Every structure is written in C-alpha cells, then in structure tokens.
>>> print(open('query_23.pdb').read())   # PDB, C-alpha atoms and all ligand atoms
MODEL        1
ATOM      1  CA  MET D 973      26.118  18.975   9.576  1.00  0.00           C
ATOM      2  CA  THR D 974      22.601  19.089   8.151  1.00  0.00           C
ATOM      3  CA  ARG D 975      19.271  19.100   9.938  1.00  0.00           C
ATOM      4  CA  ILE D 976      16.175  17.312   8.756  1.00  0.00           C
ATOM      5  CA  ASN D 977      12.691  17.285  10.272  1.00  0.00           C
ATOM      6  CA  VAL D 978      11.084  13.860  10.273  1.00  0.00           C
ATOM      7  CA  ASN D 979       7.936  12.795  12.093  1.00  0.00           C
ATOM      8  CA  GLY D 980       7.975  15.900  14.251  1.00  0.00           C
ATOM      9  CA  GLU D 981      11.594  15.558  15.358  1.00  0.00           C
ATOM     10  CA  ALA D 982      14.692  17.410  14.200  1.00  0.00           C
ATOM     11  CA  HIS D 983      17.607  15.123  13.326  1.00  0.00           C
ATOM     12  CA  GLU D 984      21.214  16.114  12.786  1.00  0.00           C
ATOM     13  CA  LEU D 985      23.064  14.404   9.966  1.00  0.00           C
ATOM     14  CA  VAL D 986      26.844  14.390   9.881  1.00  0.00           C
ATOM     15  CA  ASP D 987      28.901  13.830   6.729  1.00  0.00           C
ATOM     16  CA  VAL D 988      25.892  13.268   4.496  1.00  0.00           C
ATOM     17  CA  ALA D 989      26.018  14.735   0.998  1.00  0.00           C
ATOM     18  CA  ASP D 990      23.244  17.180   0.072  1.00  0.00           C
ATOM     19  CA  THR D 991      22.550  15.052  -2.984  1.00  0.00           C
ATOM     20  CA  THR D 992      21.703  11.947  -0.943  1.00  0.00           C
ATOM     21  CA  PRO D 993      18.163  10.753  -1.675  1.00  0.00           C
ATOM     22  CA  LEU D 994      15.745  11.185   1.218  1.00  0.00           C
ATOM     23  CA  LEU D 995      14.919   7.463   1.030  1.00  0.00           C
ATOM     24  CA  TRP D 996      18.428   6.531   2.139  1.00  0.00           C
ATOM     25  CA  ILE D 997      18.452   9.185   4.853  1.00  0.00           C
ATOM     26  CA  LEU D 998      15.285   7.667   6.264  1.00  0.00           C
ATOM     27  CA  ARG D 999      16.334   4.037   5.995  1.00  0.00           C
ATOM     28  CA  ASP D1000      20.092   4.079   6.552  1.00  0.00           C
ATOM     29  CA  HIS D1001      20.643   7.105   8.777  1.00  0.00           C
ATOM     30  CA  LEU D1002      17.418   7.295  10.785  1.00  0.00           C
ATOM     31  CA  GLY D1003      16.476   3.615  10.827  1.00  0.00           C
ATOM     32  CA  LEU D1004      12.981   4.283   9.493  1.00  0.00           C
ATOM     33  CA  THR D1005      12.672   1.224   7.288  1.00  0.00           C
ATOM     34  CA  GLY D1006       8.926   1.388   6.701  1.00  0.00           C
ATOM     35  CA  THR D1007       9.534   3.371   3.523  1.00  0.00           C
ATOM     36  CA  LYS D1008      10.508   1.000   0.733  1.00  0.00           C
ATOM     37  CA  TYR D1009      12.785   1.052  -2.300  1.00  0.00           C
ATOM     38  CA  GLY D1010      11.143  -0.138  -5.480  1.00  0.00           C
ATOM     39  CA  CYS D1011      12.356   1.391  -8.718  1.00  0.00           C
ATOM     40  CA  GLY D1012      14.500   4.326  -7.616  1.00  0.00           C
ATOM     41  CA  VAL D1013      13.297   6.471 -10.510  1.00  0.00           C
ATOM     42  CA  SER D1014       9.883   7.767  -9.399  1.00  0.00           C
ATOM     43  CA  GLU D1015       7.919   5.137 -11.293  1.00  0.00           C
ATOM     44  CA  CYS D1016       6.439   2.843  -8.631  1.00  0.00           C
ATOM     45  CA  GLY D1017       5.520   4.886  -5.539  1.00  0.00           C
ATOM     46  CA  ALA D1018       6.911   2.383  -3.008  1.00  0.00           C
ATOM     47  CA  CYS D1019       9.006   5.146  -1.419  1.00  0.00           C
ATOM     48  CA  THR D1020       6.173   7.662  -0.997  1.00  0.00           C
ATOM     49  CA  VAL D1021       6.348   9.936   2.050  1.00  0.00           C
ATOM     50  CA  HIS D1022       4.773  13.274   2.899  1.00  0.00           C
ATOM     51  CA  ILE D1023       6.754  16.472   2.525  1.00  0.00           C
ATOM     52  CA  ASP D1024       4.851  19.388   4.006  1.00  0.00           C
ATOM     53  CA  GLY D1025       1.734  17.284   3.660  1.00  0.00           C
ATOM     54  CA  ALA D1026       2.100  16.356  -0.006  1.00  0.00           C
ATOM     55  CA  ALA D1027       2.927  12.895  -1.334  1.00  0.00           C
ATOM     56  CA  ARG D1028       6.481  12.817  -2.668  1.00  0.00           C
ATOM     57  CA  GLN D1029       8.790  10.092  -3.900  1.00  0.00           C
ATOM     58  CA  SER D1030      11.713   9.926  -1.493  1.00  0.00           C
ATOM     59  CA  CYS D1031      13.912   8.014  -3.965  1.00  0.00           C
ATOM     60  CA  VAL D1032      14.242  11.093  -6.175  1.00  0.00           C
ATOM     61  CA  THR D1033      14.092  13.822  -3.523  1.00  0.00           C
ATOM     62  CA  THR D1034      17.496  14.913  -2.307  1.00  0.00           C
ATOM     63  CA  LEU D1035      18.392  16.078   1.170  1.00  0.00           C
ATOM     64  CA  SER D1036      18.933  19.604  -0.114  1.00  0.00           C
ATOM     65  CA  GLU D1037      15.493  19.625  -1.734  1.00  0.00           C
ATOM     66  CA  VAL D1038      13.883  18.706   1.594  1.00  0.00           C
ATOM     67  CA  GLY D1039      15.498  21.658   3.384  1.00  0.00           C
ATOM     68  CA  ASP D1040      13.402  22.805   6.346  1.00  0.00           C
ATOM     69  CA  ALA D1041      10.252  20.997   5.222  1.00  0.00           C
ATOM     70  CA  GLN D1042       8.401  18.582   7.500  1.00  0.00           C
ATOM     71  CA  VAL D1043       8.770  14.970   6.408  1.00  0.00           C
ATOM     72  CA  VAL D1044       6.294  12.349   7.587  1.00  0.00           C
ATOM     73  CA  THR D1045       6.817   8.632   7.057  1.00  0.00           C
ATOM     74  CA  ILE D1046       4.525   5.708   7.799  1.00  0.00           C
ATOM     75  CA  GLU D1047       6.085   5.571  11.267  1.00  0.00           C
ATOM     76  CA  GLY D1048       4.782   9.085  11.891  1.00  0.00           C
ATOM     77  CA  LEU D1049       1.386   8.804  10.242  1.00  0.00           C
ATOM     78  CA  SER D1050       0.048   7.773  13.631  1.00  0.00           C
ATOM     79  CA  ALA D1051       1.742   6.520  16.761  1.00  0.00           C
ATOM     80  CA  ASP D1052      -0.461   3.464  17.073  1.00  0.00           C
ATOM     81  CA  GLY D1053      -1.896   2.627  13.662  1.00  0.00           C
ATOM     82  CA  SER D1054      -5.007   4.654  14.369  1.00  0.00           C
ATOM     83  CA  HIS D1055      -4.954   6.838  11.261  1.00  0.00           C
ATOM     84  CA  PRO D1056      -8.193   6.209   9.311  1.00  0.00           C
ATOM     85  CA  VAL D1057      -6.162   4.949   6.338  1.00  0.00           C
ATOM     86  CA  GLN D1058      -4.281   2.426   8.458  1.00  0.00           C
ATOM     87  CA  LYS D1059      -7.500   1.230  10.082  1.00  0.00           C
ATOM     88  CA  ALA D1060      -9.243   0.882   6.719  1.00  0.00           C
ATOM     89  CA  TRP D1061      -6.285  -1.039   5.250  1.00  0.00           C
ATOM     90  CA  LYS D1062      -6.563  -3.482   8.134  1.00  0.00           C
ATOM     91  CA  GLN D1063     -10.338  -3.734   7.864  1.00  0.00           C
ATOM     92  CA  HIS D1064     -10.146  -4.597   4.159  1.00  0.00           C
ATOM     93  CA  SER D1065      -7.052  -6.845   4.526  1.00  0.00           C
ATOM     94  CA  VAL D1066      -5.532  -4.908   1.655  1.00  0.00           C
ATOM     95  CA  PRO D1067      -1.928  -6.200   1.528  1.00  0.00           C
ATOM     96  CA  GLN D1068      -0.882  -9.335  -0.272  1.00  0.00           C
ATOM     97  CA  CYS D1069       2.949  -9.418  -0.233  1.00  0.00           C
ATOM     98  CA  GLY D1070       2.791  -5.975   1.386  1.00  0.00           C
ATOM     99  CA  TYR D1071       5.815  -4.439  -0.301  1.00  0.00           C
ATOM    100  CA  CYS D1072       3.994  -1.572  -1.982  1.00  0.00           C
ATOM    101  CA  GLN D1073       1.510  -0.919   0.772  1.00  0.00           C
ATOM    102  CA  VAL D1074       3.307   1.714   2.812  1.00  0.00           C
ATOM    103  CA  GLY D1075       3.609   3.839  -0.303  1.00  0.00           C
ATOM    104  CA  GLN D1076      -0.036   3.178  -1.108  1.00  0.00           C
ATOM    105  CA  MET D1077      -1.160   4.278   2.356  1.00  0.00           C
ATOM    106  CA  MET D1078       0.969   7.413   2.300  1.00  0.00           C
ATOM    107  CA  ALA D1079      -0.416   8.336  -1.128  1.00  0.00           C
ATOM    108  CA  ALA D1080      -3.958   7.703   0.097  1.00  0.00           C
ATOM    109  CA  ALA D1081      -3.493   9.769   3.253  1.00  0.00           C
ATOM    110  CA  ALA D1082      -2.129  12.709   1.258  1.00  0.00           C
ATOM    111  CA  MET D1083      -5.004  12.546  -1.235  1.00  0.00           C
ATOM    112  CA  LEU D1084      -7.607  12.350   1.545  1.00  0.00           C
ATOM    113  CA  ARG D1085      -6.172  15.437   3.187  1.00  0.00           C
ATOM    114  CA  ASP D1086      -7.463  17.438   0.233  1.00  0.00           C
ATOM    115  CA  ASN D1087     -10.428  15.322  -0.848  1.00  0.00           C
ATOM    116  CA  THR D1088     -12.526  13.338   1.607  1.00  0.00           C
ATOM    117  CA  SER D1089     -15.026  12.267  -1.072  1.00  0.00           C
ATOM    118  CA  PRO D1090     -12.790  10.799  -3.775  1.00  0.00           C
ATOM    119  CA  SER D1091     -14.408   9.204  -6.799  1.00  0.00           C
ATOM    120  CA  ASP D1092     -12.871   6.157  -8.451  1.00  0.00           C
ATOM    121  CA  ALA D1093     -11.380   8.521 -11.026  1.00  0.00           C
ATOM    122  CA  ASP D1094      -9.895  10.724  -8.272  1.00  0.00           C
ATOM    123  CA  ILE D1095      -8.306   7.670  -6.655  1.00  0.00           C
ATOM    124  CA  ASP D1096      -6.896   6.419  -9.946  1.00  0.00           C
ATOM    125  CA  GLU D1097      -5.499   9.854 -10.780  1.00  0.00           C
ATOM    126  CA  SER D1098      -3.906  10.537  -7.387  1.00  0.00           C
ATOM    127  CA  MET D1099      -2.720   7.046  -6.604  1.00  0.00           C
ATOM    128  CA  TRP D1100      -0.539   5.900  -9.476  1.00  0.00           C
ATOM    129  CA  ASN D1101       1.459   3.628  -7.142  1.00  0.00           C
ATOM    130  CA  ILE D1102       2.132   0.220  -8.629  1.00  0.00           C
ATOM    131  CA  CYS D1103       1.019  -2.978  -6.894  1.00  0.00           C
ATOM    132  CA  ARG D1104       2.436  -6.065  -8.540  1.00  0.00           C
ATOM    133  CA  CYS D1105       0.021  -8.207  -6.504  1.00  0.00           C
ATOM    134  CA  GLY D1106      -2.965  -6.396  -8.016  1.00  0.00           C
ATOM    135  CA  THR D1107      -4.598  -5.289  -4.778  1.00  0.00           C
ATOM    136  CA  TYR D1108      -6.154  -2.276  -6.505  1.00  0.00           C
ATOM    137  CA  PRO D1109      -9.803  -3.214  -5.810  1.00  0.00           C
ATOM    138  CA  ARG D1110      -9.102  -3.535  -2.066  1.00  0.00           C
ATOM    139  CA  ILE D1111      -7.069  -0.331  -2.080  1.00  0.00           C
ATOM    140  CA  ARG D1112      -9.980   1.521  -3.631  1.00  0.00           C
ATOM    141  CA  ALA D1113     -12.430   0.061  -1.098  1.00  0.00           C
ATOM    142  CA  ALA D1114     -10.141   0.952   1.798  1.00  0.00           C
ATOM    143  CA  VAL D1115      -9.704   4.507   0.557  1.00  0.00           C
ATOM    144  CA  LYS D1116     -13.476   4.919   0.495  1.00  0.00           C
ATOM    145  CA  THR D1117     -13.813   3.526   4.029  1.00  0.00           C
ATOM    146  CA  ALA D1118     -11.102   5.882   5.277  1.00  0.00           C
ATOM    147  CA  ALA D1119     -12.790   8.781   3.487  1.00  0.00           C
ATOM    148  CA  GLN D1120     -16.065   7.944   5.182  1.00  0.00           C
ATOM    149  CA  GLU D1121     -14.414   8.076   8.605  1.00  0.00           C
ATOM    150  CA  LEU D1122     -12.688  11.353   7.797  1.00  0.00           C
ATOM    151  CA  ARG D1123     -16.010  12.925   6.818  1.00  0.00           C
ATOM    152  CA  LYS D1124     -17.559  12.169  10.238  1.00  0.00           C
TER     153      LYS D1124
HETATM  154  S1  LIG T1201      11.275   3.654  -5.354  1.00  0.00           S
HETATM  155 FE1  LIG T1201      10.637   5.694  -5.496  1.00  0.00          FE
HETATM  156  S2  LIG T1201       9.048   5.704  -6.957  1.00  0.00           S
HETATM  157 FE2  LIG T1201       9.832   3.669  -6.999  1.00  0.00          FE
HETATM  158  S1  LIG T1202       0.794  -6.052  -2.127  1.00  0.00           S
HETATM  159 FE1  LIG T1202       2.427  -6.986  -3.230  1.00  0.00          FE
HETATM  160  S2  LIG T1202       3.130  -5.396  -4.548  1.00  0.00           S
HETATM  161 FE2  LIG T1202       1.353  -4.579  -3.639  1.00  0.00          FE
ENDMDL
END
>>> encode(input="query_23.pdb", output="structure tokens", more="lines below")
Ligand code: FES
Ligand code: FES
Amino acid sequence: MTRINVNGEAHELVDVADTTPLLWILRDHLGLTGTKYGCGVSECGACTVHIDGAARQSCVTTLSEVGDAQVVTIEGLSADGSHPVQKAWKQHSVPQCGYCQVGQMMAAAAMLRDNTSPSDADIDESMWNICRCGTYPRIRAAVKTAAQELRK
C-alpha cells in the first residue's frame, strides 16, 4: 500500500506500481479528472498540477517521485472556483475548446505564487503550456487580472 497526499487529503493506494505516472493516479484511482492527458512526454502542459507548490507535469512524475509531497489539482485550487486565477479566466472568457485550460490555470497559479507582477516575458517564460486554439492573448490578460487581485 502507498499513501499519497492530494488536495489536503491522504489517500491509500493498493496494488499500484511505484512507477505509475501521477496523472493516472489522479484520474483513474482518485477520480480527479480535471487534470488532462495531452502528450504524455512533458511537452504540452495539459497535465500540470502543483507538487509542494511548484508546477509539475503529472504525466512524467511517478508515484515514487511524489513521495510525501503535497499534490494540488484544479479540484483543490479552490473549493468554489474563487481562486483569483479561476475568477480571471472566467472574466476574460479564456477557454475555447477548454482542453488545455486546467494546465494553463495551474501553471499560472504556480507562477503567481512567486511573482505577482509578471511581465509578458515572465508569463511567456513560465507558461510554456501549449494551446492549440491559440488563446494566448486571453491567457496573458487573465494572468494580469489575477496578478492585480493578488497584489491587493
Ligand atoms: S500530458 Fe503531460 S505535458 Fe503533455
Ligand atoms: S483552449 Fe483549446 S487547446 Fe487551449
């Protein structure tokens, strides 16, 4: 049996190999399907979650690599969609198809934890997540709105 801490709760996993990617633990074992599978090789960012507060790609992070760390998914970012990033995404109607957006929001929230006044260059450097719908201008605007709220 293995324990994993997700969204403030400890979960026990039975008969799960240590090499299982975190993404499949979240989706298949814990039913947290907000985190998405895109490329599976750390190239798109769709599977981004927080591990001890940092943005990490859950498709290439194994259960053993998570260890005792605290994992946060979009379901745990806020209980009611009230995180400044979630509110800003709604305000700017950022998603188009929506597939990449959970990863985008998790990347944004992690960046804003360290930098509440990100420049365009900071956003481009921290948020390399791919959006095939090309919502980048709205993402950037939403990040700046969320940053403004976090600075209050
Ligand atoms: S699915 Fe993990 S980075 Fe693309
Ligand atoms: S909103 Fe469609 S891939 Fe980003």
>>> closest_residue(input="query_23.pdb", among="D:Ala1051, D:Ala1118, D:Ala1018, D:Met973", to="Gln1073 in chain D", atoms="only C-alpha atoms")
D:Ala1018
>>> resolve_selection(input="query_23.pdb", expression="the PyMOL selection byres (((chain D and resi 1084) around 10) and not hetatm)", output="mmCIF file with C-alpha atoms, in the coordinates of the input")
data_model
loop_
_atom_site.group_PDB
_atom_site.id
_atom_site.type_symbol
_atom_site.label_atom_id
_atom_site.label_comp_id
_atom_site.auth_asym_id
_atom_site.auth_seq_id
_atom_site.Cartn_x
_atom_site.Cartn_y
_atom_site.Cartn_z
ATOM 1 C CA PRO D 1056 -8.193 6.209 9.311
ATOM 2 C CA VAL D 1057 -6.162 4.949 6.338
ATOM 3 C CA MET D 1078 0.969 7.413 2.300
ATOM 4 C CA ALA D 1079 -0.416 8.336 -1.128
ATOM 5 C CA ALA D 1080 -3.958 7.703 0.097
ATOM 6 C CA ALA D 1081 -3.493 9.769 3.253
ATOM 7 C CA ALA D 1082 -2.129 12.709 1.258
ATOM 8 C CA MET D 1083 -5.004 12.546 -1.235
ATOM 9 C CA ARG D 1085 -6.172 15.437 3.187
ATOM 10 C CA ASP D 1086 -7.463 17.438 0.233
ATOM 11 C CA ASN D 1087 -10.428 15.322 -0.848
ATOM 12 C CA THR D 1088 -12.526 13.338 1.607
ATOM 13 C CA SER D 1089 -15.026 12.267 -1.072
ATOM 14 C CA PRO D 1090 -12.790 10.799 -3.775
ATOM 15 C CA ILE D 1095 -8.306 7.670 -6.655
ATOM 16 C CA SER D 1098 -3.906 10.537 -7.387
ATOM 17 C CA VAL D 1115 -9.704 4.507 0.557
ATOM 18 C CA LYS D 1116 -13.476 4.919 0.495
ATOM 19 C CA ALA D 1118 -11.102 5.882 5.277
ATOM 20 C CA ALA D 1119 -12.790 8.781 3.487
ATOM 21 C CA LEU D 1122 -12.688 11.353 7.797
ATOM 22 C CA ARG D 1123 -16.010 12.925 6.818
#
>>> residues_near_ligand(input="query_23.pdb", ligand="ligand LIG 1202 (chain T)", cutoff="9 Å", atoms="all atoms listed in the file", output="MDAnalysis selection string")
chainID D and resid 1018 1066:1073 1076 1101:1108
>>> resolve_selection(input="query_23.pdb", expression="the PyMOL selection byres (((not hetatm)) within 6 of (chain T and resi 1201))", output="short mmCIF file (atom, residue, chain, number, x, y, z; two decimals) with C-alpha atoms, in the frame of the given file")
data_model
loop_
_atom_site.label_atom_id
_atom_site.label_comp_id
_atom_site.auth_asym_id
_atom_site.auth_seq_id
_atom_site.Cartn_x
_atom_site.Cartn_y
_atom_site.Cartn_z
CA TYR D 1009 12.78 1.05 -2.30
CA GLY D 1010 11.14 -0.14 -5.48
CA CYS D 1011 12.36 1.39 -8.72
CA GLY D 1012 14.50 4.33 -7.62
CA VAL D 1013 13.30 6.47 -10.51
CA SER D 1014 9.88 7.77 -9.40
CA GLU D 1015 7.92 5.14 -11.29
CA CYS D 1016 6.44 2.84 -8.63
CA GLY D 1017 5.52 4.89 -5.54
CA ALA D 1018 6.91 2.38 -3.01
CA CYS D 1019 9.01 5.15 -1.42
CA GLN D 1029 8.79 10.09 -3.90
CA SER D 1030 11.71 9.93 -1.49
CA CYS D 1031 13.91 8.01 -3.96
#
>>> axis_aligned_box(input="query_23.pdb", around="range 986-1004 of chain D", padding_each_side="8 Å", output="lines of an AutoDock Vina configuration file")
center_x = 20.9
center_y = 10.4
center_z = 3.9
size_x = 31.9
size_y = 29.6
size_z = 29.8
>>> closest_residue(input="query_23.pdb", among="D:Glu1121, D:Glu1097, D:Glu984, D:Asp1024", to="Val1044 in chain D", atoms="all atoms listed in the file")
D:Asp1024
>>> closest_residue(input="query_23.pdb", among="D:Thr974, D:Ser1050, D:Ser1091, D:Thr1045", to="His1022 in chain D", atoms="only C-alpha atoms")
D:Thr1045
>>> residues_around(input="query_23.pdb", residues="Leu994 in chain D", least_positions_apart="2", cutoff="12 Å", atoms="all atoms listed in the file", output="VMD selection string")
chain D and resid 976 to 978 985 988 to 992 996 to 1002 1004 1007 to 1009 1012 1019 to 1023 1028 to 1039 1041 1043 to 1045
>>> write_last_selection(input="query_23.pdb", atoms="C-alpha atoms", output="JSON list (two decimals), keeping the file's coordinate frame")
[["chain", "number", "residue", "atom", "x", "y", "z"],
["D", 976, "ILE", "CA", 16.18, 17.31, 8.76],
["D", 977, "ASN", "CA", 12.69, 17.28, 10.27],
["D", 978, "VAL", "CA", 11.08, 13.86, 10.27],
["D", 985, "LEU", "CA", 23.06, 14.40, 9.97],
["D", 988, "VAL", "CA", 25.89, 13.27, 4.50],
["D", 989, "ALA", "CA", 26.02, 14.74, 1.00],
["D", 990, "ASP", "CA", 23.24, 17.18, 0.07],
["D", 991, "THR", "CA", 22.55, 15.05, -2.98],
["D", 992, "THR", "CA", 21.70, 11.95, -0.94],
["D", 996, "TRP", "CA", 18.43, 6.53, 2.14],
["D", 997, "ILE", "CA", 18.45, 9.18, 4.85],
["D", 998, "LEU", "CA", 15.28, 7.67, 6.26],
["D", 999, "ARG", "CA", 16.33, 4.04, 6.00],
["D", 1000, "ASP", "CA", 20.09, 4.08, 6.55],
["D", 1001, "HIS", "CA", 20.64, 7.10, 8.78],
["D", 1002, "LEU", "CA", 17.42, 7.30, 10.78],
["D", 1004, "LEU", "CA", 12.98, 4.28, 9.49],
["D", 1007, "THR", "CA", 9.53, 3.37, 3.52],
["D", 1008, "LYS", "CA", 10.51, 1.00, 0.73],
["D", 1009, "TYR", "CA", 12.78, 1.05, -2.30],
["D", 1012, "GLY", "CA", 14.50, 4.33, -7.62],
["D", 1019, "CYS", "CA", 9.01, 5.15, -1.42],
["D", 1020, "THR", "CA", 6.17, 7.66, -1.00],
["D", 1021, "VAL", "CA", 6.35, 9.94, 2.05],
["D", 1022, "HIS", "CA", 4.77, 13.27, 2.90],
["D", 1023, "ILE", "CA", 6.75, 16.47, 2.52],
["D", 1028, "ARG", "CA", 6.48, 12.82, -2.67],
["D", 1029, "GLN", "CA", 8.79, 10.09, -3.90],
["D", 1030, "SER", "CA", 11.71, 9.93, -1.49],
["D", 1031, "CYS", "CA", 13.91, 8.01, -3.96],
["D", 1032, "VAL", "CA", 14.24, 11.09, -6.18],
["D", 1033, "THR", "CA", 14.09, 13.82, -3.52],
["D", 1034, "THR", "CA", 17.50, 14.91, -2.31],
["D", 1035, "LEU", "CA", 18.39, 16.08, 1.17],
["D", 1036, "SER", "CA", 18.93, 19.60, -0.11],
["D", 1037, "GLU", "CA", 15.49, 19.62, -1.73],
["D", 1038, "VAL", "CA", 13.88, 18.71, 1.59],
["D", 1039, "GLY", "CA", 15.50, 21.66, 3.38],
["D", 1041, "ALA", "CA", 10.25, 21.00, 5.22],
["D", 1043, "VAL", "CA", 8.77, 14.97, 6.41],
["D", 1044, "VAL", "CA", 6.29, 12.35, 7.59],
["D", 1045, "THR", "CA", 6.82, 8.63, 7.06]]
>>> closest_residue(input="query_23.pdb", among="D:Gly1025, D:Leu995, D:Met1077, D:Leu1049", to="Asn979 in chain D", atoms="only C-alpha atoms")
D:Leu1049
>>> atom_distance(input="query_23.pdb", atom1="CA of Asp987 in chain D", atom2="CA of Gly1048 in chain D")
25.1 Å
>>> atom_distance(input="query_23.pdb", atom1="CA of Arg975 in chain D", atom2="CA of Pro993 in chain D")
14.3 Å
>>> closest_residue(input="query_23.pdb", among="D:Val1074, D:Ala1026, D:Ala1093, D:Met1099", to="Gln1058 in chain D", atoms="only C-alpha atoms")
D:Val1074
>>> atom_distance(input="query_23.pdb", atom1="CA of His1064 in chain D", atom2="CA of Arg1110 in chain D")
6.4 Å
>>> closest_residue(input="query_23.pdb", among="D:Gly980, D:Val986, D:Gln1063, D:Thr1005", to="Ile1046 in chain D", atoms="only C-alpha atoms")
D:Thr1005
